[in-house]
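J.: I am attaching a structure below and will ask some questions about it afterwards.
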Amino acid sequence: MKLNNLQDLLIHELKDIYNAEQQITKALPKMIKAASSDTLKQAFEEHLMVTEKQIERLDNVFDMMGEKAKGEKCKAMEGIIREAESMMDERADASVMDAALIASAQRVEHYEIAAYGTVCTYANQLGMKDVLNLLHQTLEEEKMTDQKLTQIAEKSINLKAGR
Ligand code: FE
Ligand code: FE
Ligand code: FE
């Protein structure tokens with residue numbers, strides 16, 4: 001499809017995030033299993049539920065824009081998740097594995113923060129207030145998740161992982 005304007009590009013980016021979120025819902029259960037810390041498991045479980053809501057939000061956004069909710073393979077998320085999976089295949093002490101899981105999860109969140117930041121800007125410039133409102137809620141959730149993971153790492157996991 002030829003992209004003629006910012007709205008076309010917005011839809012293109014939304015399809016990418018839609019697929020990225022779907023990939024994340026498949027990856028998180030594996031990360032929950034691989035985690036040892038209850039706090040970390042719980043954070044991942046919580047984010048899985050949040051992610052499912054974010055997908056529903058995107059369904060609504062596509063609806064508002066008169067577009068079919070359809071993903072387009074996000075190769076970047078595929079790569080980030082592939083790295084996480086090969087990390088989970090490593091032999092590692094439980095706390096060290098937890099630290100590695102946080103490192104992978106934060107790469108996911110940072111990709112999402114970049115992607116949602118961009119679509120928020122486009123929606124804002126296109127004057128799509130309702131779309132912006134939904135996308136902004138998700139952007140804030142991704143930022144909060146990232147900060148929470150930093151906190152869990154610094155206050156607990158990384159200390160347990162020792163040196
Ligand atoms: Fe998300
Ligand atoms: Fe992508
Ligand atoms: Fe996320």
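Residue numbering restarts at 1 in every chain; chains get A, B, ... in the order shown in the structure tokens, and ligands count up from 1 in that same order.
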Within 9 Å of segment 52-66 of chain A, counting only C-alpha atoms, which residues show up once you throw out same-chain ones fewer than 2 positions away? Write them as an MDAnalysis selection string, please.
T.: chainID A and resid 11 14 17:18 21:22 25 47:50 68:70 130:132 134:135 137:138
J.: How would you write, as a ChimeraX atom specification, the set of residues in chain A that DSSP gives as alpha helix (DSSP H)?
T.: /A:6-34,38-64,75-88,94-125,129-152,158-161
J.: Would you mind listing, for every residue of chain A within 10 Å of ligand 2, the two atoms forming the shortest contact and the distance between them in Å to one decimal, using only C-alpha atoms and all ligand atoms, sorted by chain and ascending residue number, as JSON lines?
T.:
```
{"residue": "A:His12", "atom": "CA", "partner": "ligand 2", "partner_atom_place_in_ligand_line": "1 (Fe)", "distance": 9.8}
{"residue": "A:Glu13", "atom": "CA", "partner": "ligand 2", "partner_atom_place_in_ligand_line": "1 (Fe)", "distance": 7.6}
{"residue": "A:Leu14", "atom": "CA", "partner": "ligand 2", "partner_atom_place_in_ligand_line": "1 (Fe)", "distance": 9.4}
{"residue": "A:Lys15", "atom": "CA", "partner": "ligand 2", "partner_atom_place_in_ligand_line": "1 (Fe)", "distance": 8.7}
{"residue": "A:Asp16", "atom": "CA", "partner": "ligand 2", "partner_atom_place_in_ligand_line": "1 (Fe)", "distance": 5.0}
{"residue": "A:Ile17", "atom": "CA", "partner": "ligand 2", "partner_atom_place_in_ligand_line": "1 (Fe)", "distance": 6.4}
{"residue": "A:Tyr18", "atom": "CA", "partner": "ligand 2", "partner_atom_place_in_ligand_line": "1 (Fe)", "distance": 9.3}
{"residue": "A:Asn19", "atom": "CA", "partner": "ligand 2", "partner_atom_place_in_ligand_line": "1 (Fe)", "distance": 8.2}
{"residue": "A:Ala20", "atom": "CA", "partner": "ligand 2", "partner_atom_place_in_ligand_line": "1 (Fe)", "distance": 6.7}
{"residue": "A:Glu72", "atom": "CA", "partner": "ligand 2", "partner_atom_place_in_ligand_line": "1 (Fe)", "distance": 8.4}
{"residue": "A:Lys73", "atom": "CA", "partner": "ligand 2", "partner_atom_place_in_ligand_line": "1 (Fe)", "distance": 7.3}
{"residue": "A:Cys74", "atom": "CA", "partner": "ligand 2", "partner_atom_place_in_ligand_line": "1 (Fe)", "distance": 3.9}
{"residue": "A:Lys75", "atom": "CA", "partner": "ligand 2", "partner_atom_place_in_ligand_line": "1 (Fe)", "distance": 5.8}
{"residue": "A:Ala76", "atom": "CA", "partner": "ligand 2", "partner_atom_place_in_ligand_line": "1 (Fe)", "distance": 5.1}
{"residue": "A:Met77", "atom": "CA", "partner": "ligand 2", "partner_atom_place_in_ligand_line": "1 (Fe)", "distance": 6.2}
{"residue": "A:Glu78", "atom": "CA", "partner": "ligand 2", "partner_atom_place_in_ligand_line": "1 (Fe)", "distance": 8.6}
{"residue": "A:Gly79", "atom": "CA", "partner": "ligand 2", "partner_atom_place_in_ligand_line": "1 (Fe)", "distance": 9.9}
{"residue": "A:Tyr111", "atom": "CA", "partner": "ligand 2", "partner_atom_place_in_ligand_line": "1 (Fe)", "distance": 8.1}
{"residue": "A:Glu112", "atom": "CA", "partner": "ligand 2", "partner_atom_place_in_ligand_line": "1 (Fe)", "distance": 8.9}
{"residue": "A:Ala115", "atom": "CA", "partner": "ligand 2", "partner_atom_place_in_ligand_line": "1 (Fe)", "distance": 7.8}
```
J.: What's the separation between atom CA of Ser36 of chain A and atom CA of Ala99 of chain A, in Å to one decimal place?
T.: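 Result for atom CA of Ser36 of chain A versus atom CA of Ala99 of chain A: 10.2 Å, one decimal.
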J.: Which residues sit within 7 Å of ligand 3, counting only C-alpha atoms and all ligand atoms, listed as a PyMOL selection string?
T.: chain A and resi 47+51+108-109+112+142+145
J.: Please measure the separation of atom CA of Arg91 of chain A and atom CA of Leu149 of chain A, giving the value in Å to one decimal.
T.: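 According to the coordinates, atom CA of Arg91 of chain A and atom CA of Leu149 of chain A are separated by 22.3 Å.
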J.: I need the residue nearest ligand 1 from this list: A:Ala105, A:Ala123, A:Ile152, A:Ile157. Use only C-alpha atoms and all ligand atoms for the distance.
T.: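 Nearest candidate to ligand 1 out of A:Ala105, A:Ala123, A:Ile152, A:Ile157: A:Ala105.
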J.: Counting only C-alpha atoms and all ligand atoms, which of A:Arg82, A:Lys33, A:Lys143, A:Lys155 gets nearest to ligand 1?
T.: A:Lys143
J.: Can you pull out the residues contacting Ile32 of chain A? Cut-off 7 Å, using only C-alpha atoms, and skip same-chain residues under 2 positions away; I want them as a CSV table (one decimal) with all heavy atoms, in the first residue's frame.
T.:
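Here's the written file result.csv:
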```csv
chain,number,residue,atom,x,y,z
A,28,LEU,N,5.0,-13.5,27.1
A,28,LEU,CA,4.9,-13.3,28.5
A,28,LEU,C,4.7,-14.6,29.3
A,28,LEU,O,5.4,-14.7,30.4
A,28,LEU,CB,3.9,-12.2,28.9
A,28,LEU,CG,4.4,-10.8,28.8
A,28,LEU,CD1,3.3,-9.7,29.0
A,28,LEU,CD2,5.5,-10.5,29.9
A,29,PRO,N,3.8,-15.5,28.9
A,29,PRO,CA,3.6,-16.7,29.7
A,29,PRO,C,4.9,-17.5,29.8
A,29,PRO,O,5.2,-18.1,30.9
A,29,PRO,CB,2.6,-17.5,28.9
A,29,PRO,CG,1.8,-16.4,28.2
A,29,PRO,CD,2.8,-15.4,27.8
A,30,LYS,N,5.8,-17.5,28.8
A,30,LYS,CA,7.1,-18.2,28.9
A,30,LYS,C,8.0,-17.5,29.9
A,30,LYS,O,8.7,-18.1,30.7
A,30,LYS,CB,7.8,-18.2,27.6
A,30,LYS,CG,7.0,-19.0,26.5
A,30,LYS,CD,7.8,-18.9,25.1
A,30,LYS,CE,6.8,-19.0,24.0
A,30,LYS,NZ,7.5,-18.6,22.7
A,34,ALA,N,9.6,-18.8,33.4
A,34,ALA,CA,11.1,-18.7,33.6
A,34,ALA,C,11.5,-17.9,34.8
A,34,ALA,O,12.6,-18.1,35.3
A,34,ALA,CB,11.8,-18.2,32.3
A,35,ALA,N,10.6,-17.1,35.3
A,35,ALA,CA,11.0,-16.2,36.5
A,35,ALA,C,10.9,-17.0,37.8
A,35,ALA,O,10.0,-17.8,38.0
A,35,ALA,CB,10.0,-15.0,36.5
A,41,LYS,N,7.4,-12.4,38.8
A,41,LYS,CA,6.3,-13.2,38.2
A,41,LYS,C,5.0,-12.4,38.2
A,41,LYS,O,4.3,-12.3,37.2
A,41,LYS,CB,6.0,-14.5,39.0
A,41,LYS,CG,6.8,-15.7,38.5
A,41,LYS,CD,6.3,-16.9,39.3
A,41,LYS,CE,7.2,-18.1,39.2
A,41,LYS,NZ,7.3,-18.8,37.9
A,44,PHE,N,5.0,-9.6,35.7
A,44,PHE,CA,4.7,-10.1,34.3
A,44,PHE,C,3.3,-10.5,34.1
A,44,PHE,O,2.7,-10.2,33.1
A,44,PHE,CB,5.6,-11.3,34.0
A,44,PHE,CG,7.1,-11.0,33.7
A,44,PHE,CD1,8.1,-11.9,33.9
A,44,PHE,CD2,7.5,-9.7,33.3
A,44,PHE,CE1,9.4,-11.6,33.7
A,44,PHE,CE2,8.8,-9.4,33.1
A,44,PHE,CZ,9.8,-10.4,33.2
A,45,GLU,N,2.7,-11.1,35.1
A,45,GLU,CA,1.3,-11.5,35.1
A,45,GLU,C,0.4,-10.3,34.9
A,45,GLU,O,-0.5,-10.3,34.1
A,45,GLU,CB,0.9,-12.3,36.3
A,45,GLU,CG,1.2,-13.8,36.1
A,45,GLU,CD,1.2,-14.6,37.5
A,45,GLU,OE1,0.8,-14.0,38.5
A,45,GLU,OE2,1.7,-15.7,37.5
```
J.: Between atom CA of Leu159 of chain A and atom CA of Ile81 of chain A, what distance in Å does the model show, to one decimal?
T.: 25.2 Å
